[in-house]
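Asker: What follows is a single structure, and I will ask about it in a moment.
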There are 2 protein chains.
Amino acid sequence: MRKYNVAIVGATGAVGQELLKILAERSFPYGRLSLLASERSEGKTITFQGREHQVRATTTDSFEGVDIVLFAGGSAAVEFAPAAVKAGAVVIDNGSSFRYDDAVPLVVPEVNPEDVRWHQGIIANPNCSTIQMVVALKPLHDAARIKRVVVSTYQAVSGAGLPGLHELERQAADITAGRAVKVEAFQHQIAFNLIPQIDKLQDNLYYREEMKMVWETQKMLHDPHIRVCATCVRVPVFRSHSESVNVETERKLSVEETRELLRNAPGVKVIDDPAASEYPMPFYTCDTDDVYVGRIREDISCDNGIAMWVVADQIRKGAATNAIQIAELLVKEGLV
Amino acid sequence: MRKYNVAIVGATGAVGQELLKILAERSFPYGRLSLLASERSEGKTITFQGREHQVRATTTDSFEGVDIVLFAGGSAAVEFAPAAVKAGAVVIDNGSSFRYDDAVPLVVPEVNPEDVRWHQGIIANPNCSTIQMVVALKPLHDAARIKRVVVSTYQAVSGAGLPGLHELERQAADITAGRAVKVEAFQHQIAFNLIPQIDKLQDNLYYREEMKMVWETQKMLHDPHIRVCATCVRVPVFRSHSESVNVETERKLSVEETRELLRNAPGVKVIDDPAASEYPMPFYTCDTDDVYVGRIREDISCDNGIAMWVVADQIRKGAATNAIQIAELLVKEGLV
């Protein structure tokens with residue numbers, strides 16, 4: 001069986017670590033593994049599947065003989081993806097730099113796997129909050145055509161990487177011990193608080209995280225007419241994003257049909273027994289790969305509407321798992 | 001100046017304690033003060049404005065000579081409000097037992113003060129999550145007629161009283177110290193988690209807290225045609241509820257007009273400088289009486305829509321302050 005040489009850029013971060021874990025879990029047929037990061041991390045070692053790997057600083061020469069380059073996030077791909085593509089590798093970028101480029105496919109394998117076929121060297125991994133939403137929207141769109149989505153998010157601190165995670169841990173410990181709180185990773189204190197801001201402000205008064213959910217949903221569902229309004233809020237949860245989603249469709253979907261569509265949808269697990277207080281919750285979905293949907297009910301504020309609650313581990317399905325699934329798709333389709 | 005004899009039923013709970021605090025803060029002209037609670041609390045003493053008050057068990061004989069009875073919450077009013085009214089008192093009930101009774105006004109003084117006039121002995125104080133929302137909706141409804149509201153809430157644990165507050169404190173301390181977590185006040189662990197359930201399930205698959213926001217909004221805005229869909233979520237925040245609110249109006253409101261309407265609305269404070277990361281947050285609105293609105297922007301998913309973020313201390317404006325404001329209104333209008 002053919003093996004693929006894999007490079008991970010940003011191997012020391014939250015998503016980078018998860019990429020390694022998932023490569024192993026899913027037995028991805030990797031050959032040579034290059035763990036790359038910024039110069040700061042040069043010389044660190046990472047033990048993976050019984051072998052010590054040296055972390056090296058990423059340079060334009062890092063990609064000779066590499067088949068697949070996984071960029072964990074940030075803007076590293078802007079600097080290094082062209083060199084990787086030139087060296088013959090396929091890039092899967094978890095950052096947002098290429099997502100809105102018409103020449104770059106943006107892919108969630110359960111939603112638009114066909115889009116990997118027209119890649120020209122770079123495939124973008126969508127934003128975490130969009131991934132879990134479109135996995136749940138796709139079967140509803142196919143069945144009844146979505147016209148409008150109103151979503152409010154409840155996003156975990158690890159969406160801001162390990163610094164976000166450590167900040168909530170430290171602030172919670174400081175507050176419960178009566179010590180003063182330091183604010184570093186976020187704009188304000190996040191422990192026992194909510195911050196209705198993720199990413200930078202746009203001209204239309206939406207923060208960029210909110211607009212990502214608009215742009216990426218339209219791109220992956222291949223429908224610029226779907227109107228999306230998002231409010232993105234950081235909450236004091238370590239891991240797994242949650243979303244309150246109101247969907248309006250052209251054809252009316254009953255609650256029963258929606259449940260059935262979601263039960264049969266790839267990558268979705270329905271947890272929906274509200275009488276027994278069973279619904280998805282972020283504390284209990286950590287370290288899983290599915291998108292969990294519950295609280296499915298008629299949206300009583302419009303004629304053809306469904307309201308639902310969508311939770312997923314945003315480091316796994318929202319980032320690392322989705323990236324590895326794209327790599328698997330490339331392998332399966334012989335595109336690498 | 002006339003003094004009014006006041007009884008507080010549920011004086012030992014979170015809202016009861018706040019009622020006392022606010023009576024003092026706002027210099028309400030109280031005369032004799034009766035602090036009542038369940039039999040469990042009989043014999044406790046509460047020191048208030050330099051005087052010791054014995055807490056007594058509530059009975060049907062507790063209301064002789066009382067002018068105003070403030071029920072802090074729960075269903076105590078079902079048992080005791082008739083006796084209070086019979087004794088000549090006016091009841092202000094923070095519980096939900098009378099809110100949907102057509103013969104009982106449901107009042108937020110900034111929204112529908114005129115409704116106190118037709119009281120027949122009982123006035124209902126609305127649900128916390130509804131109060132803060134309608135204070136922000138009222139000026140928009142008056143100016144442009146609201147057709148539809150989609151709201152997702154982020155509700156603090158003290159909405160479940162002192163037991164909710166202590167549960168988050170204890171769970172956060174246990175988790176940061178690596179101890180096992182006990183679940184008592186809520187259906188599931190709340191520390192570092194989210195629970196998309198508040199109150200009991202209804203036949204339409206909404207939890208009752210969500211339906212309260214529908215019924216009470218329609219009742220107080222005197223418009224049964226306003227369609228409301230709510231998703232109510234408990235979050236690990238001690239105090240102050242937050243709400244992501246999408247409003248559709250008959251006439252289009254610009255962001256500028258909406259800001260201006262809200263700036264001039266009674267009981268509202270606009271905090272809205274997203275470029276400077278200024279918006280309302282629950283950690284910073286505790287112990288205040290206003291409804292804070294920020295993140296005001298066009299709802300880009302519909303033609304005539306506004307999205308906004310509404311935060312208020314749900315124990316104060318969402319319960320105790322509103323109840324005392326109703327009492328003040330009764331005094332001002334000579335209705336007690």
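Numbering starts fresh at 1 for the residues of each chain in the structure tokens, the chains themselves are lettered A, B, ... in the order given, and ligands are numbered from 1 as they appear.
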What residues in chain B lie within 7 Å of chain A, counting only C-alpha atoms, written as a PyMOL selection string?
Answerer: chain B and resi 148+152+173+176+192-195+201+205+227-229+231+236-238+244+274-275+281-283+297+299-301
Asker: Please dump the current selection as an mmCIF file, in the first residue's frame; keep N, CA, C and O atoms.
Answerer:
```cif
data_model
loop_
_atom_site.group_PDB
_atom_site.id
_atom_site.type_symbol
_atom_site.label_atom_id
_atom_site.label_comp_id
_atom_site.auth_asym_id
_atom_site.auth_seq_id
_atom_site.Cartn_x
_atom_site.Cartn_y
_atom_site.Cartn_z
ATOM 1 N N ARG B 148 -41.227 39.683 14.083
ATOM 2 C CA ARG B 148 -40.636 38.403 14.464
ATOM 3 C C ARG B 148 -39.388 38.642 15.307
ATOM 4 O O ARG B 148 -38.620 39.567 15.035
ATOM 5 N N SER B 152 -31.639 33.765 21.306
ATOM 6 C CA SER B 152 -30.919 32.687 21.992
ATOM 7 C C SER B 152 -30.346 33.289 23.260
ATOM 8 O O SER B 152 -29.713 34.345 23.217
ATOM 9 N N ALA B 173 -14.633 25.086 41.711
ATOM 10 C CA ALA B 173 -13.542 24.836 42.665
ATOM 11 C C ALA B 173 -13.138 23.367 42.633
ATOM 12 O O ALA B 173 -11.945 23.031 42.644
ATOM 13 N N THR B 176 -11.187 22.671 39.302
ATOM 14 C CA THR B 176 -9.838 23.239 39.251
ATOM 15 C C THR B 176 -8.928 22.551 40.264
ATOM 16 O O THR B 176 -7.721 22.520 40.086
ATOM 17 N N PHE B 192 -18.022 24.912 33.235
ATOM 18 C CA PHE B 192 -17.344 24.638 31.960
ATOM 19 C C PHE B 192 -18.236 23.853 31.005
ATOM 20 O O PHE B 192 -17.752 23.089 30.168
ATOM 21 N N ASN B 193 -19.540 24.022 31.130
ATOM 22 C CA ASN B 193 -20.490 23.301 30.287
ATOM 23 C C ASN B 193 -21.654 24.238 29.943
ATOM 24 O O ASN B 193 -21.719 25.373 30.433
ATOM 25 N N LEU B 194 -22.557 23.786 29.093
ATOM 26 C CA LEU B 194 -23.772 24.522 28.748
ATOM 27 C C LEU B 194 -24.934 23.555 28.851
ATOM 28 O O LEU B 194 -24.797 22.393 28.459
ATOM 29 N N ILE B 195 -26.065 24.027 29.348
ATOM 30 C CA ILE B 195 -27.253 23.165 29.443
ATOM 31 C C ILE B 195 -28.398 23.838 28.679
ATOM 32 O O ILE B 195 -28.917 24.866 29.125
ATOM 33 N N LEU B 201 -40.439 20.625 30.061
ATOM 34 C CA LEU B 201 -40.773 20.466 28.646
ATOM 35 C C LEU B 201 -42.263 20.706 28.397
ATOM 36 O O LEU B 201 -43.121 20.262 29.164
ATOM 37 N N LEU B 205 -42.230 20.765 22.331
ATOM 38 C CA LEU B 205 -40.783 20.500 22.413
ATOM 39 C C LEU B 205 -39.959 21.718 22.833
ATOM 40 O O LEU B 205 -38.730 21.685 22.781
ATOM 41 N N ARG B 227 -44.257 37.156 16.448
ATOM 42 C CA ARG B 227 -43.844 35.751 16.551
ATOM 43 C C ARG B 227 -42.457 35.697 17.174
ATOM 44 O O ARG B 227 -41.550 36.444 16.793
ATOM 45 N N VAL B 228 -42.312 34.829 18.156
ATOM 46 C CA VAL B 228 -41.065 34.748 18.911
ATOM 47 C C VAL B 228 -40.601 33.299 18.947
ATOM 48 O O VAL B 228 -41.393 32.390 19.197
ATOM 49 N N CYS B 229 -39.328 33.085 18.670
ATOM 50 C CA CYS B 229 -38.731 31.754 18.872
ATOM 51 C C CYS B 229 -37.546 31.924 19.805
ATOM 52 O O CYS B 229 -36.633 32.712 19.525
ATOM 53 N N THR B 231 -34.467 30.072 22.279
ATOM 54 C CA THR B 231 -33.674 28.930 22.729
ATOM 55 C C THR B 231 -32.978 29.380 24.004
ATOM 56 O O THR B 231 -32.195 30.336 23.977
ATOM 57 N N PRO B 236 -22.195 28.910 32.336
ATOM 58 C CA PRO B 236 -21.445 29.032 33.599
ATOM 59 C C PRO B 236 -21.016 30.465 33.917
ATOM 60 O O PRO B 236 -19.833 30.785 33.939
ATOM 61 N N VAL B 237 -22.012 31.279 34.149
ATOM 62 C CA VAL B 237 -21.841 32.687 34.521
ATOM 63 C C VAL B 237 -22.632 32.847 35.811
ATOM 64 O O VAL B 237 -23.711 32.264 35.940
ATOM 65 N N PHE B 238 -22.123 33.597 36.780
ATOM 66 C CA PHE B 238 -22.807 33.695 38.064
ATOM 67 C C PHE B 238 -24.087 34.524 37.989
ATOM 68 O O PHE B 238 -25.115 34.140 38.506
ATOM 69 N N SER B 244 -28.819 37.004 22.562
ATOM 70 C CA SER B 244 -28.585 37.347 21.168
ATOM 71 C C SER B 244 -29.961 37.444 20.520
ATOM 72 O O SER B 244 -30.684 36.450 20.444
ATOM 73 N N PRO B 274 -17.878 48.442 18.887
ATOM 74 C CA PRO B 274 -17.249 47.139 18.616
ATOM 75 C C PRO B 274 -15.791 47.271 18.162
ATOM 76 O O PRO B 274 -14.996 46.356 18.396
ATOM 77 N N ALA B 275 -15.425 48.404 17.553
ATOM 78 C CA ALA B 275 -14.031 48.584 17.129
ATOM 79 C C ALA B 275 -13.110 48.650 18.341
ATOM 80 O O ALA B 275 -11.938 48.265 18.283
ATOM 81 N N MET B 281 -21.217 42.855 28.807
ATOM 82 C CA MET B 281 -20.793 41.511 29.218
ATOM 83 C C MET B 281 -21.326 41.243 30.619
ATOM 84 O O MET B 281 -21.327 42.149 31.458
ATOM 85 N N PRO B 282 -21.739 40.000 30.884
ATOM 86 C CA PRO B 282 -22.427 39.740 32.163
ATOM 87 C C PRO B 282 -21.565 39.968 33.398
ATOM 88 O O PRO B 282 -22.077 40.370 34.436
ATOM 89 N N PHE B 283 -20.247 39.732 33.285
ATOM 90 C CA PHE B 283 -19.405 39.890 34.473
ATOM 91 C C PHE B 283 -19.410 41.337 34.963
ATOM 92 O O PHE B 283 -19.178 41.601 36.139
ATOM 93 N N ARG B 297 -26.520 45.885 14.881
ATOM 94 C CA ARG B 297 -26.132 45.857 13.479
ATOM 95 C C ARG B 297 -27.303 45.361 12.647
ATOM 96 O O ARG B 297 -28.262 44.817 13.186
ATOM 97 N N ASP B 299 -29.432 42.968 10.548
ATOM 98 C CA ASP B 299 -29.516 41.514 10.395
ATOM 99 C C ASP B 299 -29.433 41.232 8.897
ATOM 100 O O ASP B 299 -30.395 41.453 8.158
ATOM 101 N N ILE B 300 -28.273 40.775 8.460
ATOM 102 C CA ILE B 300 -28.051 40.639 7.015
ATOM 103 C C ILE B 300 -28.769 39.433 6.424
ATOM 104 O O ILE B 300 -28.673 39.187 5.228
ATOM 105 N N SER B 301 -29.511 38.690 7.252
ATOM 106 C CA SER B 301 -30.223 37.533 6.710
ATOM 107 C C SER B 301 -31.674 37.863 6.359
ATOM 108 O O SER B 301 -32.424 36.990 5.929
#
```
Asker: For A:Asn304, which residue among A:Asp199, A:Asp272, A:Glu257, A:Glu250 is the nearest when counting only C-alpha atoms?
Answerer: A:Glu250
Asker: List every residue of stretch 212-323 of chain B that DSSP, applied to the backbone of this structure, assigns to helix (DSSP H, G or I), and report them as a PDB file with N, CA, C and O atoms, in the first residue's frame.
Answerer:
```
ATOM      1  N   LYS B 212     -42.201  31.097  27.918  1.00  0.00           N
ATOM      2  CA  LYS B 212     -42.449  32.327  28.679  1.00  0.00           C
ATOM      3  C   LYS B 212     -42.065  33.550  27.849  1.00  0.00           C
ATOM      4  O   LYS B 212     -42.753  34.570  27.870  1.00  0.00           O
ATOM      5  N   MET B 213     -40.964  33.441  27.126  1.00  0.00           N
ATOM      6  CA  MET B 213     -40.502  34.586  26.332  1.00  0.00           C
ATOM      7  C   MET B 213     -41.475  34.894  25.194  1.00  0.00           C
ATOM      8  O   MET B 213     -41.580  36.048  24.758  1.00  0.00           O
ATOM      9  N   VAL B 214     -42.169  33.892  24.707  1.00  0.00           N
ATOM     10  CA  VAL B 214     -43.185  34.093  23.662  1.00  0.00           C
ATOM     11  C   VAL B 214     -44.424  34.744  24.271  1.00  0.00           C
ATOM     12  O   VAL B 214     -44.849  35.838  23.870  1.00  0.00           O
ATOM     13  N   TRP B 215     -45.002  34.050  25.262  1.00  0.00           N
ATOM     14  CA  TRP B 215     -46.269  34.501  25.843  1.00  0.00           C
ATOM     15  C   TRP B 215     -46.155  35.887  26.464  1.00  0.00           C
ATOM     16  O   TRP B 215     -47.034  36.728  26.302  1.00  0.00           O
ATOM     17  N   GLU B 216     -45.072  36.120  27.198  1.00  0.00           N
ATOM     18  CA  GLU B 216     -44.961  37.376  27.941  1.00  0.00           C
ATOM     19  C   GLU B 216     -44.658  38.557  27.030  1.00  0.00           C
ATOM     20  O   GLU B 216     -45.115  39.672  27.274  1.00  0.00           O
ATOM     21  N   THR B 217     -43.886  38.316  25.981  1.00  0.00           N
ATOM     22  CA  THR B 217     -43.604  39.391  25.028  1.00  0.00           C
ATOM     23  C   THR B 217     -44.899  39.832  24.356  1.00  0.00           C
ATOM     24  O   THR B 217     -45.194  41.024  24.252  1.00  0.00           O
ATOM     25  N   GLN B 218     -45.694  38.863  23.919  1.00  0.00           N
ATOM     26  CA  GLN B 218     -46.961  39.192  23.261  1.00  0.00           C
ATOM     27  C   GLN B 218     -47.900  39.927  24.218  1.00  0.00           C
ATOM     28  O   GLN B 218     -48.533  40.914  23.855  1.00  0.00           O
ATOM     29  N   LYS B 219     -47.945  39.455  25.454  1.00  0.00           N
ATOM     30  CA  LYS B 219     -48.867  40.068  26.420  1.00  0.00           C
ATOM     31  C   LYS B 219     -48.459  41.510  26.743  1.00  0.00           C
ATOM     32  O   LYS B 219     -49.289  42.410  26.761  1.00  0.00           O
ATOM     33  N   MET B 220     -47.163  41.731  26.980  1.00  0.00           N
ATOM     34  CA  MET B 220     -46.753  43.080  27.404  1.00  0.00           C
ATOM     35  C   MET B 220     -46.696  44.073  26.265  1.00  0.00           C
ATOM     36  O   MET B 220     -46.904  45.268  26.465  1.00  0.00           O
ATOM     37  N   VAL B 255     -29.302  51.024  11.447  1.00  0.00           N
ATOM     38  CA  VAL B 255     -28.517  50.862  12.674  1.00  0.00           C
ATOM     39  C   VAL B 255     -28.513  52.173  13.450  1.00  0.00           C
ATOM     40  O   VAL B 255     -28.676  52.187  14.672  1.00  0.00           O
ATOM     41  N   GLU B 256     -28.378  53.278  12.742  1.00  0.00           N
ATOM     42  CA  GLU B 256     -28.315  54.587  13.399  1.00  0.00           C
ATOM     43  C   GLU B 256     -29.627  54.896  14.127  1.00  0.00           C
ATOM     44  O   GLU B 256     -29.624  55.336  15.271  1.00  0.00           O
ATOM     45  N   GLU B 257     -30.737  54.655  13.434  1.00  0.00           N
ATOM     46  CA  GLU B 257     -32.034  54.933  14.065  1.00  0.00           C
ATOM     47  C   GLU B 257     -32.245  54.019  15.275  1.00  0.00           C
ATOM     48  O   GLU B 257     -32.737  54.458  16.324  1.00  0.00           O
ATOM     49  N   THR B 258     -31.854  52.756  15.143  1.00  0.00           N
ATOM     50  CA  THR B 258     -32.013  51.814  16.257  1.00  0.00           C
ATOM     51  C   THR B 258     -31.203  52.274  17.463  1.00  0.00           C
ATOM     52  O   THR B 258     -31.690  52.279  18.598  1.00  0.00           O
ATOM     53  N   ARG B 259     -29.961  52.672  17.211  1.00  0.00           N
ATOM     54  CA  ARG B 259     -29.102  53.167  18.308  1.00  0.00           C
ATOM     55  C   ARG B 259     -29.745  54.362  18.998  1.00  0.00           C
ATOM     56  O   ARG B 259     -29.752  54.462  20.219  1.00  0.00           O
ATOM     57  N   GLU B 260     -30.269  55.269  18.178  1.00  0.00           N
ATOM     58  CA  GLU B 260     -30.871  56.480  18.719  1.00  0.00           C
ATOM     59  C   GLU B 260     -32.115  56.141  19.546  1.00  0.00           C
ATOM     60  O   GLU B 260     -32.304  56.666  20.644  1.00  0.00           O
ATOM     61  N   LEU B 261     -32.948  55.235  19.017  1.00  0.00           N
ATOM     62  CA  LEU B 261     -34.145  54.820  19.750  1.00  0.00           C
ATOM     63  C   LEU B 261     -33.765  54.208  21.090  1.00  0.00           C
ATOM     64  O   LEU B 261     -34.379  54.479  22.121  1.00  0.00           O
ATOM     65  N   LEU B 262     -32.736  53.364  21.075  1.00  0.00           N
ATOM     66  CA  LEU B 262     -32.338  52.681  22.304  1.00  0.00           C
ATOM     67  C   LEU B 262     -31.672  53.641  23.279  1.00  0.00           C
ATOM     68  O   LEU B 262     -31.866  53.545  24.494  1.00  0.00           O
ATOM     69  N   ARG B 263     -30.883  54.577  22.754  1.00  0.00           N
ATOM     70  CA  ARG B 263     -30.236  55.566  23.630  1.00  0.00           C
ATOM     71  C   ARG B 263     -31.261  56.384  24.402  1.00  0.00           C
ATOM     72  O   ARG B 263     -31.019  56.783  25.533  1.00  0.00           O
ATOM     73  N   PRO B 274     -17.878  48.442  18.887  1.00  0.00           N
ATOM     74  CA  PRO B 274     -17.249  47.139  18.616  1.00  0.00           C
ATOM     75  C   PRO B 274     -15.791  47.271  18.162  1.00  0.00           C
ATOM     76  O   PRO B 274     -14.996  46.356  18.396  1.00  0.00           O
ATOM     77  N   ALA B 275     -15.425  48.404  17.553  1.00  0.00           N
ATOM     78  CA  ALA B 275     -14.031  48.584  17.129  1.00  0.00           C
ATOM     79  C   ALA B 275     -13.110  48.650  18.341  1.00  0.00           C
ATOM     80  O   ALA B 275     -11.938  48.265  18.283  1.00  0.00           O
ATOM     81  N   ALA B 276     -13.636  49.123  19.457  1.00  0.00           N
ATOM     82  CA  ALA B 276     -12.851  49.215  20.688  1.00  0.00           C
ATOM     83  C   ALA B 276     -13.149  48.043  21.621  1.00  0.00           C
ATOM     84  O   ALA B 276     -12.812  48.081  22.801  1.00  0.00           O
ATOM     85  N   PRO B 282     -21.739  40.000  30.884  1.00  0.00           N
ATOM     86  CA  PRO B 282     -22.427  39.740  32.163  1.00  0.00           C
ATOM     87  C   PRO B 282     -21.565  39.968  33.398  1.00  0.00           C
ATOM     88  O   PRO B 282     -22.077  40.370  34.436  1.00  0.00           O
ATOM     89  N   PHE B 283     -20.247  39.732  33.285  1.00  0.00           N
ATOM     90  CA  PHE B 283     -19.405  39.890  34.473  1.00  0.00           C
ATOM     91  C   PHE B 283     -19.410  41.337  34.963  1.00  0.00           C
ATOM     92  O   PHE B 283     -19.178  41.601  36.139  1.00  0.00           O
ATOM     93  N   TYR B 284     -19.665  42.274  34.040  1.00  0.00           N
ATOM     94  CA  TYR B 284     -19.529  43.683  34.378  1.00  0.00           C
ATOM     95  C   TYR B 284     -20.862  44.404  34.557  1.00  0.00           C
ATOM     96  O   TYR B 284     -20.892  45.618  34.734  1.00  0.00           O
ATOM     97  N   ARG B 316     -31.689  41.677  39.547  1.00  0.00           N
ATOM     98  CA  ARG B 316     -32.162  43.048  39.790  1.00  0.00           C
ATOM     99  C   ARG B 316     -33.226  43.429  38.751  1.00  0.00           C
ATOM    100  O   ARG B 316     -34.401  43.201  38.981  1.00  0.00           O
ATOM    101  N   LYS B 317     -32.832  43.928  37.576  1.00  0.00           N
ATOM    102  CA  LYS B 317     -33.869  44.342  36.624  1.00  0.00           C
ATOM    103  C   LYS B 317     -34.764  43.156  36.248  1.00  0.00           C
ATOM    104  O   LYS B 317     -35.957  43.310  36.019  1.00  0.00           O
ATOM    105  N   GLY B 318     -34.179  41.951  36.202  1.00  0.00           N
ATOM    106  CA  GLY B 318     -34.968  40.786  35.809  1.00  0.00           C
ATOM    107  C   GLY B 318     -35.892  40.259  36.884  1.00  0.00           C
ATOM    108  O   GLY B 318     -36.656  39.325  36.657  1.00  0.00           O
ATOM    109  N   ALA B 319     -35.839  40.825  38.088  1.00  0.00           N
ATOM    110  CA  ALA B 319     -36.709  40.317  39.151  1.00  0.00           C
ATOM    111  C   ALA B 319     -36.963  41.413  40.191  1.00  0.00           C
ATOM    112  O   ALA B 319     -37.988  42.095  40.158  1.00  0.00           O
ATOM    113  N   ALA B 320     -36.015  41.597  41.110  1.00  0.00           N
ATOM    114  CA  ALA B 320     -36.275  42.440  42.273  1.00  0.00           C
ATOM    115  C   ALA B 320     -36.498  43.909  41.916  1.00  0.00           C
ATOM    116  O   ALA B 320     -37.453  44.535  42.384  1.00  0.00           O
ATOM    117  N   THR B 321     -35.625  44.484  41.100  1.00  0.00           N
ATOM    118  CA  THR B 321     -35.782  45.898  40.756  1.00  0.00           C
ATOM    119  C   THR B 321     -37.115  46.130  40.068  1.00  0.00           C
ATOM    120  O   THR B 321     -37.834  47.090  40.370  1.00  0.00           O
ATOM    121  N   ASN B 322     -37.445  45.233  39.119  1.00  0.00           N
ATOM    122  CA  ASN B 322     -38.713  45.412  38.402  1.00  0.00           C
ATOM    123  C   ASN B 322     -39.895  45.354  39.364  1.00  0.00           C
ATOM    124  O   ASN B 322     -40.849  46.125  39.232  1.00  0.00           O
ATOM    125  N   ALA B 323     -39.842  44.451  40.338  1.00  0.00           N
ATOM    126  CA  ALA B 323     -40.938  44.328  41.308  1.00  0.00           C
ATOM    127  C   ALA B 323     -41.075  45.610  42.127  1.00  0.00           C
ATOM    128  O   ALA B 323     -42.186  46.110  42.354  1.00  0.00           O
TER     129      ALA B 323
END
```
Asker: Enumerate as an NGL selection string all residues of stretch 79-257 of chain B assigned to strand (DSSP E) by DSSP on the backbone, naming them with the chain letters and numbers the document uses.
Answerer: :B and (90-93 or 122-124 or 146-154 or 227-231 or 241-249)
Asker: For a quick check of understanding, using only C-alpha atoms, which of B:Pro126, B:Pro113, B:Asp290, B:Val85 has the smallest distance to B:Ser97?
Answerer: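 With only C-alpha atoms as the atom set, the closest residue is B:Pro126.
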Asker: Between atom CA of B:Leu253 and atom CA of B:Val311, what is the distance in Å, rounded to a tenth?
Answerer: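 If I compute the distance from atom CA of B:Leu253 to atom CA of B:Val311, I get 21.2 Å.
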Asker: For stretch 56-67 of chain A, work out the shell of residues within 12 Å, counting only C-alpha atoms and skipping chain neighbours fewer than 6 positions away, then give it as a ChimeraX atom specification.
Answerer: /A:2-12,29-46,76-92,121,327,330-331,334-336
Asker: Go ahead and write the residues just picked, C-alpha atoms, as a short mmCIF file (atom, residue, chain, number, x, y, z; two decimals), in the first residue's frame.
Answerer:
```
data_model
loop_
_atom_site.label_atom_id
_atom_site.label_comp_id
_atom_site.auth_asym_id
_atom_site.auth_seq_id
_atom_site.Cartn_x
_atom_site.Cartn_y
_atom_site.Cartn_z
CA ARG A 2 1.28 3.41 -0.92
CA LYS A 3 2.48 5.67 1.88
CA TYR A 4 2.27 9.45 1.80
CA ASN A 5 4.90 11.77 3.20
CA VAL A 6 3.15 14.24 5.46
CA ALA A 7 4.31 17.57 6.86
CA ILE A 8 2.48 19.38 9.66
CA VAL A 9 3.10 23.10 9.93
CA GLY A 10 2.24 24.30 13.43
CA ALA A 11 2.81 20.88 14.97
CA THR A 12 3.24 22.19 18.51
CA PRO A 29 -0.96 5.74 5.60
CA TYR A 30 1.78 8.23 6.31
CA GLY A 31 5.40 7.58 5.37
CA ARG A 32 7.92 10.25 6.34
CA LEU A 33 6.54 12.73 8.86
CA SER A 34 7.90 16.29 9.08
CA LEU A 35 6.90 18.29 12.13
CA LEU A 36 7.30 21.98 11.41
CA ALA A 37 6.59 25.10 13.40
CA SER A 38 7.85 28.64 13.83
CA GLU A 39 11.49 29.31 14.67
CA ARG A 40 10.51 29.61 18.32
CA SER A 41 9.78 25.88 18.50
CA GLU A 42 12.90 24.77 16.57
CA GLY A 43 14.63 21.97 18.43
CA LYS A 44 11.62 20.82 20.47
CA THR A 45 10.99 17.10 20.21
CA ILE A 46 7.61 15.41 19.90
CA ALA A 76 1.68 30.39 7.83
CA ALA A 77 0.18 29.08 4.60
CA VAL A 78 0.36 32.52 2.99
CA GLU A 79 4.14 32.38 3.34
CA PHE A 80 4.77 28.71 2.71
CA ALA A 81 1.91 27.15 0.71
CA PRO A 82 3.26 28.37 -2.66
CA ALA A 83 6.62 26.67 -1.98
CA ALA A 84 4.84 23.49 -0.88
CA VAL A 85 2.73 23.42 -4.03
CA LYS A 86 5.80 24.11 -6.17
CA ALA A 87 7.51 21.15 -4.52
CA GLY A 88 4.59 18.99 -5.68
CA ALA A 89 2.69 18.69 -2.39
CA VAL A 90 -1.02 19.19 -1.84
CA VAL A 91 -1.72 21.74 0.90
CA ILE A 92 -4.62 21.45 3.33
CA GLY A 121 -2.60 22.46 -4.99
CA ALA A 327 -6.43 14.01 3.13
CA LEU A 330 -7.48 12.95 -1.70
CA VAL A 331 -5.95 9.49 -1.25
CA GLY A 334 -6.09 9.44 -6.34
CA LEU A 335 -5.65 13.21 -6.23
CA VAL A 336 -2.32 13.22 -4.40
#
```
Asker: Please, what distance in Å, to one decimal, runs between atom CA of A:Leu23 and atom CA of A:Thr288?
Answerer: 14.3 Å
